[in-house]
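**Student:** Got entry_27.pdb for you, PDB, C-alpha atoms:
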```pdb
ATOM      1  CA  MET A   1      12.275 -17.617  12.248
ATOM      2  CA  ARG A   2      12.487 -15.281   9.290
ATOM      3  CA  ILE A   3       9.350 -13.867   7.667
ATOM      4  CA  LEU A   4       9.563 -12.205   4.261
ATOM      5  CA  ALA A   5       6.927  -9.624   3.235
ATOM      6  CA  VAL A   6       6.781  -9.496  -0.562
ATOM      7  CA  CYS A   7       5.304  -6.887  -2.918
ATOM      8  CA  GLY A   8       5.995  -5.556  -6.399
ATOM      9  CA  MET A   9       8.615  -2.914  -5.656
ATOM     10  CA  GLY A  10       9.754  -3.379  -2.071
ATOM     11  CA  PHE A  11       9.111   0.296  -1.224
ATOM     12  CA  GLY A  12       5.453   0.616  -0.359
ATOM     13  CA  SER A  13       3.086  -2.265   0.127
ATOM     14  CA  SER A  14       5.642  -4.723   1.515
ATOM     15  CA  ILE A  15       6.560  -2.168   4.185
ATOM     16  CA  VAL A  16       2.922  -1.727   5.150
ATOM     17  CA  LEU A  17       2.703  -5.517   5.298
ATOM     18  CA  ARG A  18       5.765  -5.695   7.564
ATOM     19  CA  MET A  19       4.191  -3.171   9.953
ATOM     20  CA  THR A  20       1.039  -5.300  10.256
ATOM     21  CA  ILE A  21       3.059  -8.511  10.734
ATOM     22  CA  GLU A  22       5.202  -6.872  13.421
ATOM     23  CA  ALA A  23       2.108  -5.585  15.234
ATOM     24  CA  VAL A  24       0.641  -9.108  15.292
ATOM     25  CA  LEU A  25       3.928 -10.663  16.455
ATOM     26  CA  LYS A  26       4.179  -8.114  19.259
ATOM     27  CA  GLU A  27       0.580  -8.740  20.295
ATOM     28  CA  THR A  28       1.051 -12.508  20.405
ATOM     29  CA  GLY A  29       4.567 -12.439  21.852
ATOM     30  CA  ILE A  30       6.055 -14.490  19.018
ATOM     31  CA  ASP A  31       9.676 -13.755  18.207
ATOM     32  CA  ALA A  32      10.462 -13.512  14.495
ATOM     33  CA  ASN A  33      12.462 -11.374  12.138
ATOM     34  CA  VAL A  34      10.489  -9.604   9.397
ATOM     35  CA  SER A  35      12.124  -8.314   6.232
ATOM     36  CA  THR A  36      10.769  -6.974   2.929
ATOM     37  CA  SER A  37      11.492  -7.804  -0.664
ATOM     38  CA  ASP A  38      10.259  -7.084  -4.165
ATOM     39  CA  ILE A  39       8.863  -9.938  -6.179
ATOM     40  CA  SER A  40      11.868 -10.307  -8.495
ATOM     41  CA  SER A  41      14.384 -10.829  -5.692
ATOM     42  CA  ALA A  42      12.062 -12.736  -3.329
ATOM     43  CA  LYS A  43      13.084 -16.108  -4.734
ATOM     44  CA  SER A  44      16.727 -15.584  -3.791
ATOM     45  CA  GLU A  45      15.984 -14.401  -0.236
ATOM     46  CA  ARG A  46      16.269 -16.868   2.636
ATOM     47  CA  ALA A  47      13.023 -17.095   4.571
ATOM     48  CA  ASP A  48      10.979 -19.601   6.562
ATOM     49  CA  LEU A  49       7.704 -18.060   5.512
ATOM     50  CA  ILE A  50       6.402 -15.560   2.962
ATOM     51  CA  VAL A  51       3.485 -13.161   3.431
ATOM     52  CA  THR A  52       2.091 -11.556   0.272
ATOM     53  CA  SER A  53      -1.023 -10.902  -1.820
ATOM     54  CA  ALA A  54      -2.873 -13.333  -4.090
ATOM     55  CA  GLU A  55      -1.219 -11.933  -7.249
ATOM     56  CA  PHE A  56       2.247 -12.849  -5.999
ATOM     57  CA  SER A  57       1.534 -16.067  -4.155
ATOM     58  CA  GLU A  58       1.028 -17.798  -7.517
ATOM     59  CA  LEU A  59       4.370 -16.519  -8.795
ATOM     60  CA  LEU A  60       6.107 -17.777  -5.653
ATOM     61  CA  SER A  61       4.360 -21.128  -5.436
ATOM     62  CA  GLY A  62       7.433 -22.983  -6.742
ATOM     63  CA  LEU A  63       9.304 -22.247  -3.513
ATOM     64  CA  ASN A  64       9.267 -24.942  -0.905
ATOM     65  CA  ILE A  65       8.156 -22.684   1.959
ATOM     66  CA  PRO A  66       4.723 -21.761   3.286
ATOM     67  CA  ILE A  67       3.057 -18.694   1.748
ATOM     68  CA  VAL A  68       0.441 -16.726   3.665
ATOM     69  CA  THR A  69      -1.854 -14.749   1.348
ATOM     70  CA  VAL A  70      -3.717 -11.708   2.686
ATOM     71  CA  LYS A  71      -6.406  -9.539   1.109
ATOM     72  CA  ASN A  72      -6.070  -6.565   3.424
ATOM     73  CA  TYR A  73      -2.504  -5.514   4.245
ATOM     74  CA  VAL A  74      -3.499  -3.502   7.331
ATOM     75  CA  ASP A  75      -6.049  -5.876   8.871
ATOM     76  CA  ARG A  76      -4.428  -7.282  12.020
ATOM     77  CA  GLN A  77      -7.263  -9.700  12.607
ATOM     78  CA  GLU A  78      -6.916 -11.290   9.148
ATOM     79  CA  MET A  79      -3.137 -11.399   9.569
ATOM     80  CA  LYS A  80      -3.428 -13.059  12.977
ATOM     81  CA  GLU A  81      -5.885 -15.686  11.769
ATOM     82  CA  LYS A  82      -3.757 -16.625   8.771
ATOM     83  CA  LEU A  83      -0.224 -16.146  10.073
ATOM     84  CA  ILE A  84      -0.303 -17.543  13.605
ATOM     85  CA  PRO A  85      -1.370 -21.127  12.677
ATOM     86  CA  VAL A  86       1.455 -21.291  10.133
ATOM     87  CA  LEU A  87       3.958 -19.984  12.661
ATOM     88  CA  ASN A  88       2.726 -22.480  15.246
ATOM     89  CA  ASN A  89       3.153 -25.262  12.696
ATOM     90  CA  LYS A  90       6.737 -24.140  12.201
ATOM     91  CA  GLY A  91       7.298 -24.359  15.931
ATOM     92  CA  ALA A  92       7.541 -20.638  16.618
TER
ATOM     93  CA  MET B   1       7.774  13.960   7.046
ATOM     94  CA  MET B   2       4.355  13.487   8.564
ATOM     95  CA  LEU B   3       1.403  12.173   6.589
ATOM     96  CA  ASN B   4      -0.418  15.522   6.842
ATOM     97  CA  GLU B   5       2.602  17.361   5.453
ATOM     98  CA  LEU B   6       2.407  15.213   2.323
ATOM     99  CA  LEU B   7      -1.353  14.848   1.953
ATOM    100  CA  THR B   8      -2.520  18.464   1.929
ATOM    101  CA  GLU B   9      -5.160  20.625   0.267
ATOM    102  CA  LYS B  10      -2.748  20.808  -2.680
ATOM    103  CA  THR B  11      -2.388  17.057  -3.140
ATOM    104  CA  ILE B  12      -5.828  15.714  -2.220
ATOM    105  CA  GLN B  13      -8.553  15.746  -4.855
ATOM    106  CA  ILE B  14     -12.152  14.612  -4.932
ATOM    107  CA  GLN B  15     -13.787  13.758  -8.209
ATOM    108  CA  SER B  16     -16.912  11.998  -9.297
ATOM    109  CA  GLN B  17     -15.388   9.192 -11.351
ATOM    110  CA  ALA B  18     -12.596   8.036 -13.628
ATOM    111  CA  ASP B  19     -12.992   6.293 -16.990
ATOM    112  CA  ASN B  20     -10.633   3.470 -16.003
ATOM    113  CA  TRP B  21      -7.901   2.671 -13.496
ATOM    114  CA  GLU B  22      -5.142   4.130 -15.699
ATOM    115  CA  GLU B  23      -7.043   7.450 -15.805
ATOM    116  CA  ALA B  24      -7.475   7.299 -12.029
ATOM    117  CA  ILE B  25      -3.707   6.961 -11.499
ATOM    118  CA  VAL B  26      -3.028   9.805 -13.972
ATOM    119  CA  ALA B  27      -5.598  12.043 -12.244
ATOM    120  CA  ALA B  28      -4.289  11.191  -8.767
ATOM    121  CA  SER B  29      -0.741  12.045  -9.905
ATOM    122  CA  ARG B  30      -1.607  15.361 -11.563
ATOM    123  CA  PRO B  31      -0.859  17.698  -8.610
ATOM    124  CA  LEU B  32       2.501  16.015  -8.056
ATOM    125  CA  VAL B  33       3.465  16.318 -11.736
ATOM    126  CA  GLU B  34       2.323  19.966 -11.796
ATOM    127  CA  GLN B  35       4.427  20.710  -8.719
ATOM    128  CA  ASP B  36       7.346  18.962 -10.439
ATOM    129  CA  CYS B  37       7.691  16.432  -7.592
ATOM    130  CA  ILE B  38       7.458  13.491  -9.999
ATOM    131  CA  THR B  39       7.849  13.146 -13.767
ATOM    132  CA  GLY B  40       5.364  11.900 -16.331
ATOM    133  CA  GLY B  41       7.668   8.903 -16.633
ATOM    134  CA  TYR B  42       6.971   8.001 -12.996
ATOM    135  CA  VAL B  43       3.234   8.015 -13.718
ATOM    136  CA  ALA B  44       3.805   5.740 -16.713
ATOM    137  CA  ALA B  45       5.949   3.439 -14.546
ATOM    138  CA  MET B  46       3.183   3.122 -11.926
ATOM    139  CA  ILE B  47       0.710   2.126 -14.645
ATOM    140  CA  HIS B  48       3.209  -0.265 -16.206
ATOM    141  CA  ASN B  49       3.703  -2.009 -12.841
ATOM    142  CA  VAL B  50       0.012  -2.787 -12.546
ATOM    143  CA  LYS B  51      -0.113  -4.052 -16.130
ATOM    144  CA  LYS B  52       2.903  -6.261 -15.474
ATOM    145  CA  LEU B  53       2.200  -7.449 -11.931
ATOM    146  CA  GLY B  54      -1.568  -7.128 -11.524
ATOM    147  CA  PRO B  55      -3.759  -5.087  -9.162
ATOM    148  CA  TYR B  56      -1.688  -5.942  -6.072
ATOM    149  CA  ILE B  57      -1.503  -2.199  -5.322
ATOM    150  CA  VAL B  58      -5.055  -2.516  -3.971
ATOM    151  CA  ILE B  59      -3.590  -3.382  -0.560
ATOM    152  CA  VAL B  60      -6.819  -2.760   1.330
ATOM    153  CA  PRO B  61     -10.184  -3.509  -0.286
ATOM    154  CA  HIS B  62     -11.234  -0.443  -2.334
ATOM    155  CA  ILE B  63      -7.933   1.392  -1.716
ATOM    156  CA  ALA B  64      -4.959   1.425  -4.106
ATOM    157  CA  ILE B  65      -1.461   2.652  -3.325
ATOM    158  CA  ALA B  66       0.162   3.351  -6.675
ATOM    159  CA  HIS B  67       3.938   3.572  -6.687
ATOM    160  CA  ALA B  68       7.042   2.808  -8.701
ATOM    161  CA  ARG B  69      10.743   2.906  -7.813
ATOM    162  CA  PRO B  70      12.577   6.088  -6.692
ATOM    163  CA  ASP B  71      14.822   5.969  -9.780
ATOM    164  CA  GLN B  72      11.841   6.045 -12.133
ATOM    165  CA  GLY B  73      11.276   9.813 -11.887
ATOM    166  CA  VAL B  74      10.931  11.093  -8.317
ATOM    167  CA  HIS B  75      12.288  14.592  -7.606
ATOM    168  CA  GLN B  76      11.212  14.685  -3.973
ATOM    169  CA  LEU B  77       9.314  12.557  -1.459
ATOM    170  CA  CYS B  78       5.633  13.178  -2.074
ATOM    171  CA  MET B  79       2.172  11.674  -1.820
ATOM    172  CA  SER B  80      -1.252  12.455  -3.234
ATOM    173  CA  MET B  81      -4.782  11.135  -2.810
ATOM    174  CA  LEU B  82      -7.716  10.932  -5.190
ATOM    175  CA  CYS B  83     -11.153  10.215  -3.716
ATOM    176  CA  LEU B  84     -13.685   8.903  -6.218
ATOM    177  CA  GLU B  85     -17.404   9.105  -5.554
ATOM    178  CA  HIS B  86     -17.945   6.219  -7.981
ATOM    179  CA  PRO B  87     -15.493   3.311  -7.863
ATOM    180  CA  VAL B  88     -13.090   2.506 -10.669
ATOM    181  CA  SER B  89     -12.379  -1.099 -11.469
ATOM    182  CA  PHE B  90      -8.840  -2.537 -11.108
ATOM    183  CA  SER B  91     -10.149  -6.054 -11.826
ATOM    184  CA  GLU B  92     -13.485  -7.833 -11.846
ATOM    185  CA  LYS B  93     -13.131  -8.707  -8.128
ATOM    186  CA  GLU B  94     -15.319  -6.832  -5.648
ATOM    187  CA  GLU B  95     -12.371  -5.752  -3.489
ATOM    188  CA  HIS B  96     -10.669  -4.253  -6.565
ATOM    189  CA  GLN B  97     -13.450  -1.670  -7.085
ATOM    190  CA  VAL B  98     -11.399   1.304  -5.899
ATOM    191  CA  ARG B  99     -12.566   4.573  -4.348
ATOM    192  CA  LEU B 100      -9.265   5.872  -2.984
ATOM    193  CA  VAL B 101      -6.111   6.081  -5.075
ATOM    194  CA  ILE B 102      -3.020   7.117  -3.152
ATOM    195  CA  VAL B 103       0.165   7.897  -5.063
ATOM    196  CA  LEU B 104       3.415   7.321  -3.210
ATOM    197  CA  ALA B 105       6.759   8.572  -4.507
ATOM    198  CA  ALA B 106       9.739   7.686  -2.330
ATOM    199  CA  VAL B 107      13.309   8.862  -2.838
ATOM    200  CA  ASP B 108      15.011   6.101  -0.843
ATOM    201  CA  HIS B 109      14.204   3.203   1.487
ATOM    202  CA  GLU B 110      13.940   5.334   4.636
ATOM    203  CA  SER B 111      12.552   8.859   4.391
ATOM    204  CA  HIS B 112       8.954   7.893   3.664
ATOM    205  CA  LEU B 113       8.623   5.322   6.448
ATOM    206  CA  HIS B 114       7.145   7.634   9.079
ATOM    207  CA  ALA B 115       4.417   8.911   6.754
ATOM    208  CA  LEU B 116       3.830   5.392   5.449
ATOM    209  CA  SER B 117       3.316   4.035   8.953
ATOM    210  CA  GLN B 118       0.817   6.840   9.648
ATOM    211  CA  LEU B 119      -0.913   5.953   6.383
ATOM    212  CA  ALA B 120      -1.056   2.267   7.372
ATOM    213  CA  SER B 121      -2.588   3.224  10.690
ATOM    214  CA  LEU B 122      -5.159   5.445   8.925
ATOM    215  CA  LEU B 123      -6.064   2.658   6.482
ATOM    216  CA  SER B 124      -6.733   0.285   9.373
ATOM    217  CA  GLU B 125      -9.380   2.612  10.825
ATOM    218  CA  ALA B 126     -12.526   1.835   8.852
ATOM    219  CA  ASP B 127     -14.584   4.712  10.258
ATOM    220  CA  LYS B 128     -11.991   7.322   9.233
ATOM    221  CA  ILE B 129     -11.680   5.793   5.760
ATOM    222  CA  GLU B 130     -15.450   5.852   5.377
ATOM    223  CA  LYS B 131     -15.458   9.559   6.310
ATOM    224  CA  ILE B 132     -12.740  10.295   3.752
ATOM    225  CA  MET B 133     -14.557   8.364   1.042
ATOM    226  CA  SER B 134     -17.812  10.194   1.699
ATOM    227  CA  ALA B 135     -16.258  13.665   2.095
ATOM    228  CA  SER B 136     -17.705  16.257  -0.261
ATOM    229  CA  SER B 137     -14.783  18.653   0.058
ATOM    230  CA  VAL B 138     -11.047  18.392   0.681
ATOM    231  CA  LYS B 139     -11.519  20.596   3.756
ATOM    232  CA  GLU B 140     -13.502  17.771   5.365
ATOM    233  CA  VAL B 141     -10.583  15.376   4.838
ATOM    234  CA  MET B 142      -7.931  17.522   6.501
ATOM    235  CA  PRO B 143      -9.035  17.108  10.155
ATOM    236  CA  ILE B 144      -9.062  13.321   9.694
ATOM    237  CA  LEU B 145      -5.431  13.399   8.559
ATOM    238  CA  GLN B 146      -4.630  15.757  11.407
ATOM    239  CA  SER B 147      -6.094  13.283  13.891
ATOM    240  CA  VAL B 148      -3.767  10.565  12.568
ATOM    241  CA  ALA B 149      -0.777  12.875  12.937
ATOM    242  CA  ASP B 150      -1.794  13.736  16.522
ATOM    243  CA  SER B 151      -2.325  10.172  17.726
TER
END
```
As structure tokens, what does this structure read like?
**Tutor:**
Amino acid sequence: MRILAVCGMGFGSSIVLRMTIEAVLKETGIDANVSTSDISSAKSERADLIVTSAEFSELLSGLNIPIVTVKNYVDRQEMKEKLIPVLNNKGA
Amino acid sequence: MMLNELLTEKTIQIQSQADNWEEAIVAASRPLVEQDCITGGYVAAMIHNVKKLGPYIVIVPHIAIAHARPDQGVHQLCMSMLCLEHPVSFSEKEEHQVRLVIVLAAVDHESHLHALSQLASLLSEADKIEKIMSASSVKEVMPILQSVADS
């Protein structure tokens, strides 16, 4: 299972996003690999699932993989509620 | 580098308001430009990114992390924070009414990660953020950053 955290540059917000995703994965004991990408190269990355903000989810909607959209990049509760059902659906 | 080595009395500012979000990013960047840590071009690049990609830099409701790429004018790893008593609007959405603008300037993919993880942990603590937003002096902000560094 490969999760891709996407932001504009790949240096700031996507890394914060990865930290929150990893904290939730650790808490729930789900095994997945989390990497980061900027929006321009996200489409060429291989991933089973993308986590990003509302601005970017529209730009990535052409991809045939699930996109989880979060409002608060550091809110573990929001991340858990949105991410875990999608991961469960994927059989993780 | 620890978060409280980057966010210091020299790089944190409190002001009443900003005319618009561009002004807020310029004001937040000012100490870093004056200390020659970033160029004016980096400030322009941060603004350009928001114009091009939207207000995604508001990664937590009411908090924006402005940044561009290391090759767009960063002389050394640095960070600054502008606290606004009155919010500035990054879009018409409620969560995009911003009271904290944090400028991040990284030099590579690695060296800022420790401070960034401390920042992420700070941003997830609503009570500390509330204290920072309601601080009337920079001196009141420093112990909050210290507590993040100590934990």
**Student:** Could you give me, as a list in words, the residues within 8 Å of Leu82 in chain B, counting only C-alpha atoms and dropping anything in the same chain fewer than 4 positions from it?
**Tutor:** Ile12, Gln13, Ile14, Gln15, Ala24, Ala27, Ala28, Leu100, Val101 and Ile102 of chain B
**Student:** With the file shown as input, list the residues that the ChimeraX specification (/A :<12) & /B selects, as an NGL selection string.
**Tutor:** :B and (45-46 or 48-72 or 79 or 91 or 93-96 or 102-126)
**Student:** For a cut-off of 12 Å around (-11.2, 7.4, -16.7), file coordinates, pick out all residues using only C-alpha atoms and list them as a ChimeraX atom specification.
**Tutor:** /B:15-28,84,86-90
**Student:** Using only C-alpha atoms, which of the listed residues (A:Ile30, A:Leu25, A:Val6, A:Val86) sits closest to Glu45 in chain A?
**Tutor:**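 So, comparing all the options, the nearest one is A:Val6.
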**Student:** Determine the residue membership of the PyMOL selection byres ((chain B and resi 38) around 6) for the file above and supply it as a list in words.
**Tutor:**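 Output of the PyMOL selection byres ((chain B and resi 38) around 6): Leu32, Val33, Asp36, Cys37, Thr39, Gly73, Val74 and His75 of chain B.
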**Student:** Could you work out an axis-aligned box for range 7-23 of chain B, taking every atom the file lists and adding 4 Å on each side, and report centre and edge lengths in Å to one decimal, as JSON?
**Tutor:**
```
{"center_x": -9.1, "center_y": 11.7, "center_z": -7.5, "size_x": 23.6, "size_y": 26.1, "size_z": 26.9}
```
**Student:** If you apply the PyMOL selection byres ((chain B and resi 6) around 9) to this file, what residues do you get, as a ChimeraX atom specification?
**Tutor:** /B:1-5,7-8,11,77-80,115
